[in-house]
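Reading through the structure tokens given below for one structure.
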Amino acid sequence: MRREGGPISGDEVRDGVSLTNLGQPLFDGADATKRDLVDYLDAVADRIIAGLADRPLSVVRVLRGQAPFMQKNVPKYTPEWVRTVSLWAETSKREVAYALCNDRRTLLWFANQRAVEYHPTLVRTDRWDRVTHLVLDIDPPAADAFGLAVRAAQLVRQALADSGLAGAVKTSGAKGVHVFVPIGTQVTIDEVAAATRAIAARAERLDPALATTAFIRDDREGKVFLDSTRSGGATVVAAYSPRVRPGVPVSFPVAWDELDRVEPGDFTVRTAARLLADADPWADRMPEPQQLSPELIEEGRAIPIARVQAMHEGKRRARAQRSGDNTARPPGTGAQTPQNPAS
């Protein structure tokens with residue numbers, strides 16, 4: 001490591017990347033500096049890159065004096081050695097050049113750009129037609145309700161086990177929990193999406209007083225949301241990624257039997273690397289790729305896609321409001337089963 005600046009600037013070079021303004025606060029409420037971010041990402045580089053490599057990457061950056069923003073398209077000043085892949089974005093009707101964070105040098109460059117969060121896709125560049133994991137995003141109703149998320153995660157674990165599946169779990173780094181189930185390449189994107197909906201519905205049925213699959217927030221009634229929409233081209237924050245939250249917590253792998261003994265704030269850019277030492281619990285605890293049963297997939301196909309259903313329900317409610325009709329929502333806006341499909 002070669003220092004280029006004195007103690008005031010704190011600038012230095014690592015792996016050919018100029019790192020600047022390292023002594024500056026990372027963002028308001030971070031209780032961490034830019035150096036803390038760089039040092040943490042450098043310490044876990046091999047482990048976080050394992051989940052980023054060859055996956056189109058979106059990052060959340062925090063520039064001084066600006067609100068955090070999600071960056072998908074790489075800026076024009078991106079070094080030529082940063083690998084990219086261009087994908088068509090239907091919403092903006094244009095090609096978007098996504099970075100591929102495949103090495104330490106690229107990760108350090110992102111860190112110097114004040115990229116705090118790292119959100120890779122569930123697909124890799126070598127298999128655009130296949131997702132690598134089935135993912136359930138478990139979202140408690142409030143920031144201080146992590147214990148509810150843990151209980152809901154155990155419902156998901158039971159639903160997976162009842163379906164002959166197993167997954168690994170990590171804190172999201174925000175207020176909830178992510179469950180990842182590695183999937184074999186024989187299963188299509190649509191089949192994984194259907195199976196994800198089925199698992200969420202099965203978990204909800206185990207304790208409907210605790211968990212819900214209702215996509216519309218007002219319909220959740222203070223329950224834990226089992227989000228089954230992380231599929232296809234969706235992104236999920238990577239294991240070991242920091243988050244733009246007070247204290248800069250990290251999305252951290254946890255053993256299932258230890259999940260009820262931790263809090264998201266236990267793992268931050270100041271503490272996580274030390275807790276890991278040389279271990280990689282995300283890789284160590286991840287099961288081998290698994291196959292999905294035809295029954296699970298067919299069950300999921302009968303469940304409406306949450307975002308589409310929510311869009312139609314939102315339009316229905318808007319029409320009702322315009323006409324002065326305050327009738328309650330129809331039944332079936334939460335989880336559906338093949339025996340009770342949405343109309």
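Starting from 1 in every chain, residues are counted up; chains themselves are A, B, ... following the order of the structure tokens, and ligands are numbered from 1 as listed.
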
Just want the 7 Å neighbourhood of region 153-155 of chain A, counted on only C-alpha atoms, with same-chain residues fewer than 2 positions away dropped. Output as a PDB file with N, CA, C and O atoms, in the first residue's frame.
ATOM      1  N   ILE A 138     -37.888 -11.186   3.864  1.00  0.00           N
ATOM      2  CA  ILE A 138     -38.797 -11.165   5.010  1.00  0.00           C
ATOM      3  C   ILE A 138     -38.724  -9.792   5.669  1.00  0.00           C
ATOM      4  O   ILE A 138     -37.701  -9.415   6.240  1.00  0.00           O
ATOM      5  N   ALA A 149     -39.455 -10.729  12.375  1.00  0.00           N
ATOM      6  CA  ALA A 149     -38.859 -11.232  11.138  1.00  0.00           C
ATOM      7  C   ALA A 149     -38.206 -12.592  11.360  1.00  0.00           C
ATOM      8  O   ALA A 149     -38.279 -13.480  10.506  1.00  0.00           O
ATOM      9  N   VAL A 150     -37.563 -12.762  12.504  1.00  0.00           N
ATOM     10  CA  VAL A 150     -36.930 -14.036  12.830  1.00  0.00           C
ATOM     11  C   VAL A 150     -37.979 -15.138  12.923  1.00  0.00           C
ATOM     12  O   VAL A 150     -37.805 -16.241  12.374  1.00  0.00           O
ATOM     13  N   ARG A 151     -39.083 -14.862  13.597  1.00  0.00           N
ATOM     14  CA  ARG A 151     -40.152 -15.863  13.699  1.00  0.00           C
ATOM     15  C   ARG A 151     -40.712 -16.213  12.325  1.00  0.00           C
ATOM     16  O   ARG A 151     -40.978 -17.383  12.028  1.00  0.00           O
ATOM     17  N   ARG A 157     -38.477 -21.387   6.759  1.00  0.00           N
ATOM     18  CA  ARG A 157     -37.609 -22.569   6.861  1.00  0.00           C
ATOM     19  C   ARG A 157     -38.434 -23.850   6.933  1.00  0.00           C
ATOM     20  O   ARG A 157     -38.101 -24.857   6.293  1.00  0.00           O
ATOM     21  N   GLN A 158     -39.529 -23.810   7.712  1.00  0.00           N
ATOM     22  CA  GLN A 158     -40.381 -24.994   7.833  1.00  0.00           C
ATOM     23  C   GLN A 158     -41.077 -25.294   6.509  1.00  0.00           C
ATOM     24  O   GLN A 158     -41.180 -26.463   6.101  1.00  0.00           O
ATOM     25  N   ALA A 159     -41.566 -24.251   5.831  1.00  0.00           N
ATOM     26  CA  ALA A 159     -42.217 -24.446   4.537  1.00  0.00           C
ATOM     27  C   ALA A 159     -41.244 -25.031   3.521  1.00  0.00           C
ATOM     28  O   ALA A 159     -41.615 -25.882   2.704  1.00  0.00           O
ATOM     29  N   ALA A 203     -45.762 -20.758   3.912  1.00  0.00           N
ATOM     30  CA  ALA A 203     -45.277 -20.197   5.172  1.00  0.00           C
ATOM     31  C   ALA A 203     -46.356 -19.356   5.837  1.00  0.00           C
ATOM     32  O   ALA A 203     -46.539 -19.409   7.066  1.00  0.00           O
ATOM     33  N   LEU A 206     -48.872 -21.360   7.762  1.00  0.00           N
ATOM     34  CA  LEU A 206     -48.394 -21.912   9.031  1.00  0.00           C
ATOM     35  C   LEU A 206     -48.733 -21.006  10.213  1.00  0.00           C
ATOM     36  O   LEU A 206     -48.918 -21.483  11.332  1.00  0.00           O
TER      37      LEU A 206
END

Open item on the list: Need the shell around Ala255 (chain A): protein/DNA/RNA residues with any atom at most 9 Å away, counting only C-alpha atoms. Skip same-chain ones fewer than 6 positions apart. Format as a count of residues only?
Closed with: 5

Open item on the list: Here is a test: counting only C-alpha atoms, which residue of A:Arg47, A:Arg35, A:Arg243, A:Arg205 is nearest to Ala273 (chain A)?
Closed with: A:Arg47

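Closest approach to Ala211 (chain A) among A:Arg197, A:Arg114, A:Lys223, A:Lys72: A:Lys223, based on only C-alpha atoms.
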
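Residues in contact range of region 183-186 of chain A, defined as at most 10 Å between only C-alpha atoms, with sequence neighbours fewer than 5 positions away removed, read A:Arg127, A:Asp129, A:Arg130, A:Val131, A:Thr132, A:His133, A:Leu134, A:Leu165, A:Glu191, A:Val192, A:Pro287, A:Glu288, A:Pro289, A:Gln290, A:Gln291, A:Leu292.
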
Store the residues picked out above, limited to all heavy atoms, as a short mmCIF file (atom, residue, chain, number, x, y, z; two decimals), in the first residue's frame.
data_model
loop_
_atom_site.label_atom_id
_atom_site.label_comp_id
_atom_site.auth_asym_id
_atom_site.auth_seq_id
_atom_site.Cartn_x
_atom_site.Cartn_y
_atom_site.Cartn_z
N ARG A 127 -25.64 -17.41 -17.95
CA ARG A 127 -26.94 -18.07 -18.06
C ARG A 127 -28.05 -17.05 -17.80
O ARG A 127 -28.61 -16.99 -16.73
CB ARG A 127 -27.06 -19.23 -17.06
CG ARG A 127 -26.27 -20.46 -17.37
CD ARG A 127 -26.61 -21.07 -18.74
NE ARG A 127 -28.00 -21.45 -18.88
CZ ARG A 127 -28.47 -22.68 -18.66
NH1 ARG A 127 -27.65 -23.63 -18.22
NH2 ARG A 127 -29.74 -22.96 -18.86
N ASP A 129 -30.95 -17.08 -18.86
CA ASP A 129 -32.27 -17.70 -18.77
C ASP A 129 -32.49 -18.46 -17.47
O ASP A 129 -33.49 -19.17 -17.33
CB ASP A 129 -32.47 -18.65 -19.95
CG ASP A 129 -31.46 -19.79 -19.97
OD1 ASP A 129 -30.36 -19.61 -19.41
OD2 ASP A 129 -31.76 -20.85 -20.55
N ARG A 130 -31.57 -18.36 -16.53
CA ARG A 130 -31.69 -19.09 -15.28
C ARG A 130 -31.31 -18.20 -14.09
O ARG A 130 -30.30 -17.49 -14.15
CB ARG A 130 -30.78 -20.33 -15.27
CG ARG A 130 -31.14 -21.37 -16.32
CD ARG A 130 -32.45 -22.06 -15.97
NE ARG A 130 -32.74 -23.18 -16.85
CZ ARG A 130 -33.46 -23.09 -17.96
NH1 ARG A 130 -33.92 -21.91 -18.37
NH2 ARG A 130 -33.72 -24.17 -18.69
N VAL A 131 -32.10 -18.26 -13.03
CA VAL A 131 -31.70 -17.63 -11.78
C VAL A 131 -30.95 -18.66 -10.95
O VAL A 131 -31.18 -19.86 -11.08
CB VAL A 131 -32.90 -17.07 -10.98
CG1 VAL A 131 -33.57 -15.94 -11.73
CG2 VAL A 131 -33.90 -18.17 -10.66
N THR A 132 -30.06 -18.20 -10.09
CA THR A 132 -29.25 -19.13 -9.31
C THR A 132 -29.87 -19.44 -7.95
O THR A 132 -29.51 -20.45 -7.34
CB THR A 132 -27.85 -18.54 -9.08
OG1 THR A 132 -27.97 -17.25 -8.46
CG2 THR A 132 -27.10 -18.40 -10.40
N HIS A 133 -30.79 -18.58 -7.48
CA HIS A 133 -31.36 -18.78 -6.15
C HIS A 133 -32.85 -18.41 -6.13
O HIS A 133 -33.28 -17.48 -6.82
CB HIS A 133 -30.65 -17.91 -5.10
CG HIS A 133 -29.22 -18.26 -4.90
ND1 HIS A 133 -28.22 -17.81 -5.75
CD2 HIS A 133 -28.60 -19.00 -3.95
CE1 HIS A 133 -27.05 -18.28 -5.32
NE2 HIS A 133 -27.25 -18.99 -4.24
N LEU A 134 -33.59 -19.14 -5.34
CA LEU A 134 -34.93 -18.76 -4.93
C LEU A 134 -34.75 -17.92 -3.66
O LEU A 134 -34.04 -18.33 -2.75
CB LEU A 134 -35.76 -20.01 -4.67
CG LEU A 134 -37.21 -19.89 -4.20
CD1 LEU A 134 -37.95 -21.19 -4.53
CD2 LEU A 134 -37.34 -19.61 -2.71
N LEU A 165 -36.75 -28.78 0.65
CA LEU A 165 -35.75 -27.79 0.31
C LEU A 165 -35.06 -27.25 1.57
O LEU A 165 -35.58 -27.38 2.67
CB LEU A 165 -36.39 -26.62 -0.45
CG LEU A 165 -37.07 -26.96 -1.77
CD1 LEU A 165 -37.89 -25.77 -2.28
CD2 LEU A 165 -36.04 -27.39 -2.83
N GLU A 191 -40.53 -20.80 -13.50
CA GLU A 191 -40.79 -21.87 -12.54
C GLU A 191 -40.28 -21.51 -11.15
O GLU A 191 -40.94 -21.80 -10.14
CB GLU A 191 -40.15 -23.17 -13.04
CG GLU A 191 -40.87 -23.78 -14.24
CD GLU A 191 -40.12 -24.93 -14.87
OE1 GLU A 191 -38.88 -25.02 -14.66
OE2 GLU A 191 -40.75 -25.74 -15.57
N VAL A 192 -39.12 -20.88 -11.08
CA VAL A 192 -38.60 -20.45 -9.77
C VAL A 192 -39.51 -19.38 -9.18
O VAL A 192 -39.80 -19.39 -7.97
CB VAL A 192 -37.15 -19.93 -9.90
CG1 VAL A 192 -36.67 -19.38 -8.56
CG2 VAL A 192 -36.23 -21.04 -10.36
N PRO A 287 -26.52 -24.48 0.99
CA PRO A 287 -26.68 -25.86 0.51
C PRO A 287 -26.31 -25.99 -0.97
O PRO A 287 -26.11 -25.00 -1.67
CB PRO A 287 -28.18 -26.13 0.72
CG PRO A 287 -28.65 -25.05 1.66
CD PRO A 287 -27.77 -23.87 1.40
N GLU A 288 -26.21 -27.21 -1.43
CA GLU A 288 -25.99 -27.48 -2.85
C GLU A 288 -27.25 -27.10 -3.63
O GLU A 288 -28.36 -27.07 -3.08
CB GLU A 288 -25.66 -28.95 -3.07
CG GLU A 288 -24.31 -29.37 -2.51
CD GLU A 288 -23.16 -28.65 -3.19
OE1 GLU A 288 -23.18 -28.54 -4.43
OE2 GLU A 288 -22.26 -28.17 -2.47
N PRO A 289 -27.11 -26.80 -4.93
CA PRO A 289 -28.29 -26.49 -5.75
C PRO A 289 -29.32 -27.62 -5.69
O PRO A 289 -28.97 -28.80 -5.69
CB PRO A 289 -27.70 -26.33 -7.16
CG PRO A 289 -26.30 -25.88 -6.91
CD PRO A 289 -25.85 -26.61 -5.69
N GLN A 290 -30.59 -27.22 -5.64
CA GLN A 290 -31.69 -28.16 -5.46
C GLN A 290 -32.69 -28.06 -6.60
O GLN A 290 -32.74 -27.06 -7.31
CB GLN A 290 -32.37 -27.87 -4.12
CG GLN A 290 -31.44 -28.04 -2.92
CD GLN A 290 -31.84 -27.17 -1.74
OE1 GLN A 290 -32.82 -27.44 -1.05
NE2 GLN A 290 -31.09 -26.10 -1.52
N GLN A 291 -33.50 -29.10 -6.73
CA GLN A 291 -34.55 -29.13 -7.74
C GLN A 291 -35.89 -28.81 -7.09
O GLN A 291 -36.10 -29.08 -5.89
CB GLN A 291 -34.60 -30.49 -8.41
CG GLN A 291 -33.32 -30.85 -9.16
CD GLN A 291 -32.92 -29.78 -10.17
OE1 GLN A 291 -33.74 -29.31 -10.95
NE2 GLN A 291 -31.66 -29.38 -10.14
N LEU A 292 -36.79 -28.24 -7.85
CA LEU A 292 -38.12 -27.89 -7.37
C LEU A 292 -39.12 -28.93 -7.86
O LEU A 292 -39.08 -29.33 -9.02
CB LEU A 292 -38.51 -26.50 -7.87
CG LEU A 292 -37.55 -25.37 -7.52
CD1 LEU A 292 -38.00 -24.07 -8.19
CD2 LEU A 292 -37.47 -25.18 -6.01
#

Open item on the list: From a backbone DSSP assignment, name each residue in region 72-130 of chain A labelled strand (DSSP E), as a ChimeraX atom specification.
Closed with: /A:84-89,94-99,115-120,123-124,127-130

Could those selected residues go to a file with N, CA and C atoms, as an mmCIF file, in the first residue's frame?
data_model
loop_
_atom_site.group_PDB
_atom_site.id
_atom_site.type_symbol
_atom_site.label_atom_id
_atom_site.label_comp_id
_atom_site.auth_asym_id
_atom_site.auth_seq_id
_atom_site.Cartn_x
_atom_site.Cartn_y
_atom_site.Cartn_z
ATOM 1 N N THR A 84 -18.116 -4.399 -18.080
ATOM 2 C CA THR A 84 -19.533 -4.026 -18.105
ATOM 3 C C THR A 84 -20.294 -4.962 -19.037
ATOM 4 N N VAL A 85 -21.610 -4.953 -18.877
ATOM 5 C CA VAL A 85 -22.499 -5.684 -19.782
ATOM 6 C C VAL A 85 -23.707 -4.788 -20.032
ATOM 7 N N SER A 86 -24.134 -4.706 -21.279
ATOM 8 C CA SER A 86 -25.253 -3.837 -21.646
ATOM 9 C C SER A 86 -26.544 -4.644 -21.735
ATOM 10 N N LEU A 87 -27.583 -4.121 -21.094
ATOM 11 C CA LEU A 87 -28.895 -4.767 -21.090
ATOM 12 C C LEU A 87 -29.960 -3.733 -21.451
ATOM 13 N N TRP A 88 -30.999 -4.195 -22.113
ATOM 14 C CA TRP A 88 -32.093 -3.309 -22.477
ATOM 15 C C TRP A 88 -32.986 -3.079 -21.268
ATOM 16 N N ALA A 89 -33.252 -1.803 -20.949
ATOM 17 C CA ALA A 89 -34.137 -1.447 -19.843
ATOM 18 C C ALA A 89 -35.485 -1.052 -20.420
ATOM 19 N N ARG A 94 -33.961 2.057 -23.099
ATOM 20 C CA ARG A 94 -32.589 2.313 -23.514
ATOM 21 C C ARG A 94 -31.678 1.207 -23.016
ATOM 22 N N GLU A 95 -30.480 1.154 -23.585
ATOM 23 C CA GLU A 95 -29.470 0.221 -23.124
ATOM 24 C C GLU A 95 -28.818 0.770 -21.856
ATOM 25 N N VAL A 96 -28.661 -0.097 -20.873
ATOM 26 C CA VAL A 96 -28.003 0.278 -19.626
ATOM 27 C C VAL A 96 -26.731 -0.546 -19.485
ATOM 28 N N ALA A 97 -25.617 0.131 -19.255
ATOM 29 C CA ALA A 97 -24.333 -0.548 -19.071
ATOM 30 C C ALA A 97 -24.117 -0.804 -17.587
ATOM 31 N N TYR A 98 -24.275 -2.063 -17.193
ATOM 32 C CA TYR A 98 -24.074 -2.462 -15.809
ATOM 33 C C TYR A 98 -22.623 -2.888 -15.604
ATOM 34 N N ALA A 99 -22.082 -2.569 -14.443
ATOM 35 C CA ALA A 99 -20.748 -3.050 -14.094
ATOM 36 C C ALA A 99 -20.812 -4.503 -13.653
ATOM 37 N N ALA A 115 -19.763 4.099 -3.133
ATOM 38 C CA ALA A 115 -20.805 3.097 -3.331
ATOM 39 C C ALA A 115 -20.875 2.262 -2.052
ATOM 40 N N VAL A 116 -21.959 2.416 -1.324
ATOM 41 C CA VAL A 116 -22.092 1.757 -0.026
ATOM 42 C C VAL A 116 -22.787 0.402 -0.172
ATOM 43 N N GLU A 117 -23.873 0.346 -0.949
ATOM 44 C CA GLU A 117 -24.644 -0.887 -1.084
ATOM 45 C C GLU A 117 -24.395 -1.546 -2.434
ATOM 46 N N TYR A 118 -24.421 -2.898 -2.444
ATOM 47 C CA TYR A 118 -24.121 -3.682 -3.643
ATOM 48 C C TYR A 118 -25.264 -4.664 -3.893
ATOM 49 N N HIS A 119 -25.980 -4.434 -5.010
ATOM 50 C CA HIS A 119 -27.182 -5.198 -5.333
ATOM 51 C C HIS A 119 -26.996 -5.935 -6.657
ATOM 52 N N PRO A 120 -26.528 -7.178 -6.633
ATOM 53 C CA PRO A 120 -26.390 -7.947 -7.872
ATOM 54 C C PRO A 120 -27.716 -8.589 -8.274
ATOM 55 N N VAL A 123 -29.314 -13.476 -11.749
ATOM 56 C CA VAL A 123 -28.840 -14.178 -12.940
ATOM 57 C C VAL A 123 -27.382 -13.817 -13.184
ATOM 58 N N ARG A 124 -26.679 -14.739 -13.827
ATOM 59 C CA ARG A 124 -25.283 -14.527 -14.194
ATOM 60 C C ARG A 124 -25.184 -14.337 -15.709
ATOM 61 N N ARG A 127 -25.641 -17.412 -17.947
ATOM 62 C CA ARG A 127 -26.941 -18.070 -18.060
ATOM 63 C C ARG A 127 -28.050 -17.048 -17.804
ATOM 64 N N TRP A 128 -28.354 -16.257 -18.843
ATOM 65 C CA TRP A 128 -29.381 -15.237 -18.692
ATOM 66 C C TRP A 128 -30.761 -15.840 -18.452
ATOM 67 N N ASP A 129 -30.954 -17.082 -18.857
ATOM 68 C CA ASP A 129 -32.271 -17.704 -18.771
ATOM 69 C C ASP A 129 -32.491 -18.463 -17.473
ATOM 70 N N ARG A 130 -31.566 -18.356 -16.525
ATOM 71 C CA ARG A 130 -31.693 -19.093 -15.277
ATOM 72 C C ARG A 130 -31.308 -18.205 -14.089
#

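Our summary of the geometry notes that CA of Pro242 (chain A) is positioned 22.2 Å from CA of Arg83 (chain A).
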